[in-house]
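Below you'll find the structure, written out as structure tokens, and then a few comments.
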2 protein chains.
Amino acid sequence: MTTELTSMGIAAKDAAFELATATTATKNLALTLIADELEANAESILAANAKDIEAGRSAGLTDALLDRLLLNPQRLHGIANDVRNVISLPDPVGSEFDSKVLENGMALCKRRVPLGVVGVIYEARPNVTIDIAALCLKTGNASILRGGKETFHSNMELVKVIQVALSKAKLPAASVQYIEKPDRELVSQLLKLDDYVDMIIPRGGAGLHKMCKENSTIPVIIGGFGISHVFVDESADLARSVDVVVNSKVQRPSACNALDTLLVHKNIAESFIPQLIEKIKNDVAIVACPESLALTAKASDVRAVAEGDFDTEWLSFTLGIRIVDSVEHAIEHMRVHNASHSDAIMTNNLHNAERFINSVGSAAVYVNASTRFTDGAQFGLGAEVAVSTQKLHARGPMGLEELTSYKWVGKADYLPRP
Amino acid sequence: MTTELTSMGIAAKDAAFELATATTATKNLALTLIADELEANAESILAANAKDIEAGRSAGLTDALLDRLLLNPQRLHGIANDVRNVISLPDPVGSEFDSKVLENGMALCKRRVPLGVVGVIYEARPNVTIDIAALCLKTGNASILRGGKETFHSNMELVKVIQVALSKAKLPAASVQYIEKPDRELVSQLLKLDDYVDMIIPRGGAGLHKMCKENSTIPVIIGGFGISHVFVDESADLARSVDVVVNSKVQRPSACNALDTLLVHKNIAESFIPQLIEKIKNDVAIVACPESLALTAKASDVRAVAEGDFDTEWLSFTLGIRIVDSVEHAIEHMRVHNASHSDAIMTNNLHNAERFINSVGSAAVYVNASTRFTDGAQFGLGAEVAVSTQKLHARGPMGLEELTSYKWVGKADYLPRP
């Protein structure tokens with residue numbers, strides 16, 4: 001099958017071959033040049049961004065969305081500094097692990113290598129273009145990018161800046177490519193480019209992930225969404241639990257690690273829930289199970305739970321509340337409602353803590369801590385490519401290492417035993 | 001979408017939930033019972049196998065294929081002992097790695113957990129049924145198996161034995177399920193069961209892998225085939241190189257890690273190739289590049305290379321030979337011809353060795369050793385689920401650890417920094 005994208009695939013694979021043996025110094029030089037060029041070309045980038053903002057306003061985008069699209073000198077400087085931060089991170093490529101000497105004398109290890117070519121499909125936010133390009137470059141991967149149409153002019157200008165920096169660093173221009181044409185058909189073609197592309201990262205909503213999963217013949221990193229739970233066990237420190245629930249729910253409700261459903265042990269519900277409601281009654285809308293309705297009555301916005309509420313990722317100032325009988329009951333609720341992202345138990349009971357950790361399906365599970373911790377920066381990864389909720393390759397926040405694969409390297413002795 | 005397989009998927013996911021917290025002792029008990037039941041039910045298993053052999057003979061299967069299908073008391077005893085070997089391997093589930101304490105005091109680590117549900121589609125060889133079921137069980141995964149129609153009666157009997165053992169060990173019978181009906185449509189349904197199945201392992205030829213890759217919405221482990229190369233550099237120990245090439249090509253030519261194409265540096269071709277031919281002239285058919293034709297003339301079966309020969313995985317006593325100018329030329333040949341499985345360089349030149357290791361696309365790369373080393377047992381993994389040639393999750397021989405995922409576990413301190 002020859003497609004319009006095949007030539008991009010070939011060019012990316014050729015670039016990846018060179019990038020795989022590029023030194024860290026060369027890759028860092030390219031990153032330095034990208035950061036510098038971003039600042040040097042601020043005028044043309046901001047002018048292109050202004051076109052996107054104008055088009056977005058005509059198209060009736062919300063103010064929130066327009067703000068996501070907007071670049072200004074401060075934001076551009078921030079993006080350049082994010083690139084400089086990537087320079088300071090250690091290059092995982094070439095490091096060896098799981099090394100051992102076999103009985104026959106062969107020295108065997110796994111050596112980290114780039115994945116090869118990474119395809120990224122994303123929405124809004126022009127900073128993703130620079131962010132992903134920089135992380136792929138640092139790990140020796142070529143990338144093929146496809147941003148949303150709302151940021152088309154900004155992205156064109158940003159990619160131009162990247163290409164200039166690449167050629168100044170004497171790295172192949174095809175190390176970072178951008179699918180320019182608006183046809184959605186090109187996304188379908190990208191997803192079938194398994195001869196050239198090694199991984200697809202969708203950065204966007206559940207619909208984008210579903211589309212990639214259903215149509216891609218290339219491995220896809222699924223993630224970035226899921227129902228998050230906090231279970232307050234009967235032995236929990238209630239004051240601390242109030243703080244954790246408030247933080248999990250209120251700090252940034254639009255984040256994928258923000259709390260959706262609070263589960264409360266029946267033995268402490270009467271004392272805990274009113275304490276919590278006192279703190280959030282004016283800010284958070286409550287969706288309560290029948291048993292907790294009376295306890296939440298002081299909130300300014302309360303309604304009884306309906307079909308599907310506990311399967312809803314709110315992404316807003318709404319909180320589901322359910323009273324449960326035990327840790328097992330909490331686990332069962334989370335199983336039925338597909339906990340897969342970030343979940344926490346507040347407890348002082350060791351058995352319940354371990355039971356919870358091992359039984360829930362979450363990518364990240366916390367004992368006495370906020371679900372908001374699930375984040376590459378909080379985890380000290382230095383960067384975050386995506387948050388995976390699938391089980392293969394990587395789970396939870398993905399940093400630079402998760403943009404690598406490994407190869408087995410064996411050195412002598414020379415014949416295997418029969 | 002409700003399919004015939006949905007109920008199997010639900011049952012498997014329920015079983016996986018229980019298996020995830022089953023103790024190693026319980027899982028080992030089930031394995032012991034499987035091994036014992038295999039031997040106790042030898043009569044009925046061999047009777048079922050005799051039906052498969054008879055049907056295969058009527059269908060005109062080759063003797064080689066019939067031999068692959070055949071079970072006898074010795075082979076059955078061997079299979080039971082393979083299960084006992086799995087008992088002796090360490091259980092990876094629950095072990096922690098990459099642990100650290102964050103600046104804020106939170107103790108963070110990755111804890112190994114089962115993948116969940118593994119779907120396996122395989123051909124011939126009834127031992128795969130037991131082998132895969134045992135490895136999945138040991139790692140706390142539920143499995144849904146689909147064997148070839150040639151081993152239908154044997155597999156039915158083997159699965160019956162497994163189910164009896166599972167129920168004696170008080171583990172869910174749905175921990176190991178088998179798709180009985182012959183409809184190919186059911187395989188398509190399995191590949192779309194992404195709500196319940198976490199990983200698909202195809203064990204068979206390239207066609208099966210391609211079908212899975214193109215149709216599955218579940219991550220697929222691609223592997224088990226690829227063109228293997230040995231490059232004999234000008235600084236190589238020629239006597240040792242002869243031994244390695246003979247071993248790589250002749251020991252088991254039907255294996256996926258057997259040598260396909262030999263690349264020889266031009267400066268030693270005249271001395272090396274005749275030495276090699278002397279050893280293999282009566283056993284191996286030679287497909288020679290124009291430059292090596294005269295040097296291979298003493299072989300009893302030689303022909304000039306034709307279009308596509310260097311892209312052929314021979315799986316037989318045939319060897320492609322090409323003379324190259326340098327290590328870069330060898331690497332370029334391997335790039336064009338998609339080296340992806342197991343490849344070796346014979347050299348005494350450190351720069352060339354490292355250049356080769358870092359530039360070739362192989363899952364396993366050797367310096368001065370045979371490509372035949374790529375094997376779970378040789379690598380000391382204790383078991384081999386598959387040999388992956390893809391870059392995500394696992395690459396090369398996959399053992400028990402590669403049947404696991406991980407979850408991030410964070411314990412206090414309780415609020416993230418802004």
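Residues are referred to by chain and number: the chain letter is A, B, ... according to the order shown in the structure tokens, the number counts from 1 in that chain, and ligands are numbered separately from 1 in the order shown.
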
Run DSSP on the backbone and grab whatever in range 137-253 of chain A lands in helix (DSSP H, G or I); send it over as a PyMOL selection string. chain A and resi 137-138+149-168+173-175+185-191+206-215+238-250

Tell me, counting only C-alpha atoms, for each residue of chain A within 6 Å of chain B, which pair of atoms is nearest and how far apart they are in Å to one decimal, in rows ordered by chain and increasing number, as a tab-separated table.
residue	atom	partner	partner_atom	distance
A:Lys213	CA	B:Thr217	CA	5.5
A:Glu214	CA	B:Thr217	CA	5.3
A:Thr217	CA	B:Glu214	CA	5.3
A:Ala363	CA	B:Lys407	CA	5.0
A:Ala364	CA	B:Trp408	CA	4.5
A:Val365	CA	B:Val409	CA	5.1
A:Tyr366	CA	B:Gly410	CA	4.7
A:Val367	CA	B:Lys411	CA	4.6
A:Asn368	CA	B:Ala412	CA	5.1
A:Ala369	CA	B:Tyr414	CA	3.8
A:Ser370	CA	B:Leu415	CA	5.6
A:Phe373	CA	B:Pro416	CA	5.6
A:Lys391	CA	B:Ser405	CA	5.5
A:Leu392	CA	B:His393	CA	5.4
A:His393	CA	B:His393	CA	3.5
A:Ser405	CA	B:Lys391	CA	5.5
A:Lys407	CA	B:Ala363	CA	4.9
A:Trp408	CA	B:Ala364	CA	4.5
A:Val409	CA	B:Val365	CA	5.1
A:Gly410	CA	B:Tyr366	CA	4.7
A:Lys411	CA	B:Val367	CA	4.6
A:Ala412	CA	B:Ala369	CA	5.0
A:Tyr414	CA	B:Ala369	CA	3.8
A:Leu415	CA	B:Ser370	CA	5.6
A:Pro416	CA	B:Phe373	CA	5.6

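From CA of Pro73 in chain A back to CA of Arg203 in chain A, the distance works out to 24.8 Å.
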
I need the residues of range 168-402 of chain B that end up classed as strand (DSSP E or B) by DSSP on the backbone, written out as a VMD selection string. chain B and resid 176 to 178 199 to 203 220 223 229 to 232 261 to 265 285 to 288 302 to 304 318 to 324 342 to 346 364 to 367 386 to 388 396 to 398

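The coordinates place CA of Leu46 in chain B at 8.6 Å from CA of Leu76 in chain B.
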
Which residue gives the smallest distance to Trp314 in chain B among B:Asp260, B:Asp91, B:Asp283, B:Glu270, with only C-alpha atoms counted?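 So, comparing all the options, the nearest one is B:Asp260.
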
So that I can see what lies close to range 381-383 of chain A, please list as a PyMOL selection string the residues with an atom at most 8 Å from it, counting only C-alpha atoms and leaving out residues fewer than 5 positions away in the same chain. chain A and resi 85-86+89+135+376+398-400

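Proximity ranking of B:Ala339, B:Leu350, B:Val159, B:Ala285 relative to Ala236 in chain B places B:Leu350 first, based on only C-alpha atoms.
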
Tell me, in Å to one decimal, how far CA of Ala30 in chain B is from CA of Ala330 in chain A.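 Spanning CA of Ala30 in chain B to CA of Ala330 in chain A is a straight-line distance of 29.1 Å.
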
Would you mind listing what lies within 10 Å of Ala169 in chain A as a CSV table (one decimal) with C-alpha atoms, in the first residue's frame, with only C-alpha atoms counted and same-chain residues fewer than 2 positions away left out?
chain,number,residue,atom,x,y,z
A,26,THR,CA,24.7,16.6,19.2
A,27,LYS,CA,21.2,16.1,20.4
A,28,ASN,CA,21.6,18.6,23.2
A,29,LEU,CA,23.1,21.1,20.7
A,30,ALA,CA,19.9,20.7,18.6
A,31,LEU,CA,17.8,21.3,21.6
A,32,THR,CA,19.8,24.4,22.6
A,33,LEU,CA,19.3,25.8,19.1
A,34,ILE,CA,15.6,25.0,19.2
A,163,GLN,CA,13.8,22.4,11.2
A,164,VAL,CA,16.2,25.3,11.1
A,165,ALA,CA,17.7,24.3,14.4
A,166,LEU,CA,18.0,20.6,13.2
A,167,SER,CA,19.9,21.6,10.1
A,171,LEU,CA,20.8,16.4,12.1
A,172,PRO,CA,18.3,15.3,9.5
A,173,ALA,CA,15.4,17.7,9.0

Pick out the closest residue to Ala377 in chain B from this set: B:His153, B:Ser271, B:Asp82, B:Ser175. Count only C-alpha atoms.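 Using only C-alpha atoms, the shortest distance to Ala377 in chain B belongs to B:Asp82.
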